[in-house]
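This report refers to the structure that appears directly beneath it.
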Amino acid sequence: MRFFKIEQDYKAIVIGGSAGSFQVISKLLSQLPSDFETPIIMCLHRLRHVRNGFVEALNIKSSIPIQEPIDKEPIRKGKFYLSPANYHLSVELGNTFALTTEDLLNNSRPSIDILLQTAAYAYRQKLIGILLSGANRDGAVGMKMIHERGGLTIVQDPKDCLIDTMPTSALNSTTIDHVLSVPDIIDFLLSLDKQIKTKS
Amino acid sequence: MQELEIAQLRTLTELLKSKYNYNFTDYAMSSFRRRIQRIIELYKFSSFDALLQKLSLGNHDFFQEFLSEITVNVTEMFRDPTFWTEIREKILPELLNLNKTISIWHAGCSSGEEVLSMAIILREMGIEGRVRIVATDIDMAILQKAKEAVYSIKNMELNTKNYERSNGPFTLDKYYEEKGGKAYLDKSLLKDVILREHNLVEGDVFSKFDLILCRNVMIYFNQSLQNQVLKVFHESLFKNSYLAVGSKESLIWCEIANKFLVVNNEEKIYKKIKD
């Protein structure tokens with residue numbers, strides 16, 4: 001296992017993905033321990049009018065059951081969250097979720113940019129943003145915001161992506177701290193969790 | 001564009017309160033900020049201060065446009081089809097058993113898609129004459145749109161699918177005519193519907209209802225305003241009558257949640273059980 005030294009403590013991890021990201025996220029969630037501490041909030045492009053099935057499919061492998069948050073739900077340690085279909089998911093100050101039905105952004109609802117931007121605003125330097133495989137530019141603006149607010153930015157290595165438009169757009173628009181293969185992203189998250197547990 | 005800071009948004013809400021008597025203080029912060037940023041881009045204001053300047057002039061027409069842009073008017077006919085199946089097959093039949101005129105309030109009705117959905121169900125059940133519908137919104141311009149009942153034809157594909165998935169017995173084209181890229185809905189569906197301006201933030205109770213629909217509206221309010229609005233709904237409902245909110249909303253964090261019972265958690269339909 002590759003070990004990453006992580007000094008900063010982080011309040012949340014946000015992950016964005018689109019075409020080609022389902023397998024990646026499914027693998028990633030299966031490799032994390034069931035007491036993984038930092039909340040993971042995911043925004044994955046999905047069919048707008050199919051309310052059920054997606055979270056269930058991800059839950060087959062995930063080590064922690066994933067929830068689709070309800071409006072105003074508090075964000076808690078040790079939980080995994082997924083943007084529900086046909087809503088934008090935001091993080092509000094005060095560590096709660098907000099859902100909205102605003103217009104599509106980057107042709108998407110949920111939009112990755114909205115989740116990443118609001119999370120960057122709420123958590124500032126205490127946020128990790130990860131952008132995976134995808135066929136549009138959603139997430140690039142959000143990653144820029146995370147970087148500008150002092151958070152940590154990671155993209156899946158474009159060479160490693162089924163479709164690399166999404167990470168490439170982010171690389172072209174802001175500073176990306178780590179460009180990682182999927183096994184390395186997993187090692188990064190495992191390293192993070194180990195260091196949190198050693199500290200406490 | 002630089003993200004607007006909370007202090008800036010406070011200045012704006014203060015101005016809106018003093019100048020126009022509209023209170024946005026308790027709107028949910030992240031979406032309110034996006035709406036303001038969107039208006040700045042849409043009207044090509046050079047800065048946030050330029051928008052403030054414009055609003056401080058007290059131009060009523062501009063304020064009406066501002067109001068229309070602040071509120072989110074994304075809606076569908078038969079949005080969440082399984083919700084409408086539940087309304088058709090469970091909630092309305094139960095209310096009919098009361099043997100009186102049924103009152104329904106669409107709170108935050110936007111361009112009227114859900115009002116028409118309800119009106120279609122009532123017609124198909126043959127109970128139009130037994131139901132009184134009041135539909136309200138903060139925005140006069142969108143109420144006018146609801147009155148006209150003309151929608152873009154490209155929305156009708158989704159609306160039609162939703163109707164079918166909700167177990168509608170016909171096809172949706174029974175209720176509209178296509179002309180020049182637009183769908184003209186059968187206006188007679190709205191003949192007994194009262195459309196009027198009402199601001200949920202002001203919180204006035206104006207009548208009593210057997211069913212209130214307020215779906216994906218309170219998500220734009222913060223928790224304290226949600227509490228306040230829920231009190232208005234509670235007061236506006238007869239005992240044992242129903243409140244429906246959006247599929248990803250919940251009353252559980254509201255102060256008076258214990259005065260309601262969840263009757264369908266998937267569709268977020270509640271029943272008022274205590275006065």
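Note on naming: chains are A, B, ... as they come in the structure tokens, residues start from 1 per chain, ligands start from 1 in the order shown.
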_Test item: residues at most 7 Å from His106 in chain B, only C-alpha atoms, excluding those fewer than 2 positions along its chain, as a ChimeraX atom specification_ = /B:104,108-109,115,134-136,212-214
_Spatial neighbours of Gln31 in chain A, max dist 12 Å, only C-alpha atoms, sep filter under 5 positions, as a list in words_ = Val24, Ile25, Ser26, Phe36, Lys61, Ser62, Ser63, Ile64, Val182, Pro183, Asp184, Ile185, Ile186, Asp187, Phe188, Leu189 and Leu190 of chain A
*May I have the residues within 12 Å of Arg165 in chain B as a PyMOL selection string, using only C-alpha atoms and disregarding those fewer than 2 positions away in the same chain?*
(chain A and resi 49-50) or (chain B and resi 77-86+158-163+167-172)
_Report, in Å with one decimal, the straight-line distance from CA of Val201 in chain B to CA of Asn95 in chain A._
24.3 Å
*Could you pull out the helix (DSSP H, G or I) residues of chain A from DSSP and send them as number ranges by chain?*
A: 22-31, 54-59, 112-126, 140-148, 158-160, 165-173, 182-199
*Can you list, as an MDAnalysis selection string, every protein, DNA or RNA residue that comes within 10 Å of Met218 in chain B when you count only C-alpha atoms, leaving out same-chain residues fewer than 4 positions away?*
(chainID A and resid 71 100) or (chainID B and resid 27:28 107:108 200 214 222:223 225:227 229:230 245:246 249:250)
Those same residues - C-alpha atoms - I'd like them written as a PDB file, in the first residue's frame.
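Resulting contents of selection_26.pdb:
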ATOM      1  CA  ASP A  71     -33.441  18.575   3.150  1.00  0.00           C
ATOM      2  CA  THR A 100     -33.123  22.383  -4.342  1.00  0.00           C
TER       3      THR A 100
ATOM      4  CA  TYR B  27     -34.395  31.888   3.078  1.00  0.00           C
ATOM      5  CA  ALA B  28     -31.888  29.010   2.900  1.00  0.00           C
ATOM      6  CA  ALA B 107     -49.112  26.540  -1.538  1.00  0.00           C
ATOM      7  CA  GLY B 108     -46.355  27.857  -3.804  1.00  0.00           C
ATOM      8  CA  LEU B 200     -45.871  32.093   3.033  1.00  0.00           C
ATOM      9  CA  CYS B 214     -46.457  22.337  -0.621  1.00  0.00           C
ATOM     10  CA  ASN B 222     -34.157  27.859   6.656  1.00  0.00           C
ATOM     11  CA  GLN B 223     -35.248  25.739   9.621  1.00  0.00           C
ATOM     12  CA  LEU B 225     -38.887  29.729   8.656  1.00  0.00           C
ATOM     13  CA  GLN B 226     -39.869  26.112   7.997  1.00  0.00           C
ATOM     14  CA  ASN B 227     -41.086  25.914  11.601  1.00  0.00           C
ATOM     15  CA  VAL B 229     -44.663  27.967   7.856  1.00  0.00           C
ATOM     16  CA  LEU B 230     -45.522  24.575   9.279  1.00  0.00           C
ATOM     17  CA  VAL B 245     -44.309  17.926   1.009  1.00  0.00           C
ATOM     18  CA  GLY B 246     -41.581  17.054  -1.507  1.00  0.00           C
ATOM     19  CA  GLU B 249     -38.348  16.912   2.603  1.00  0.00           C
ATOM     20  CA  SER B 250     -39.293  15.948   6.113  1.00  0.00           C
TER      21      SER B 250
END
*Define the interface residues of chain A facing chain B as those within 12 Å, counting only C-alpha atoms, and report them as a count of residues only.*
52
*If you run DSSP on this backbone, which residues of range 217-268 of chain B come out as strand (DSSP E), and could you give them as a ChimeraX atom specification?*
/B:237-245,260-264
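CA of Met118 in chain B is found 18.8 Å from CA of Glu177 in chain B.
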_I'd like the contact shell of Leu51 in chain B - 12 Å cut-off, only C-alpha atoms, skipping same-chain residues fewer than 2 positions apart - returned as a ChimeraX atom specification._
/B:8-9,11-12,15-16,36-49,53-58,62-63,66
_Just to confirm, what's the straight-line distance from CA of Asn265 in chain B to CA of Phe22 in chain A in Å (one decimal)?_
28.1 Å
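Closest approach to Asn107 in chain A from the set A:Val55, A:Ile130, A:Leu47, A:Ile66 is made by A:Leu47, with distances taken over only C-alpha atoms.
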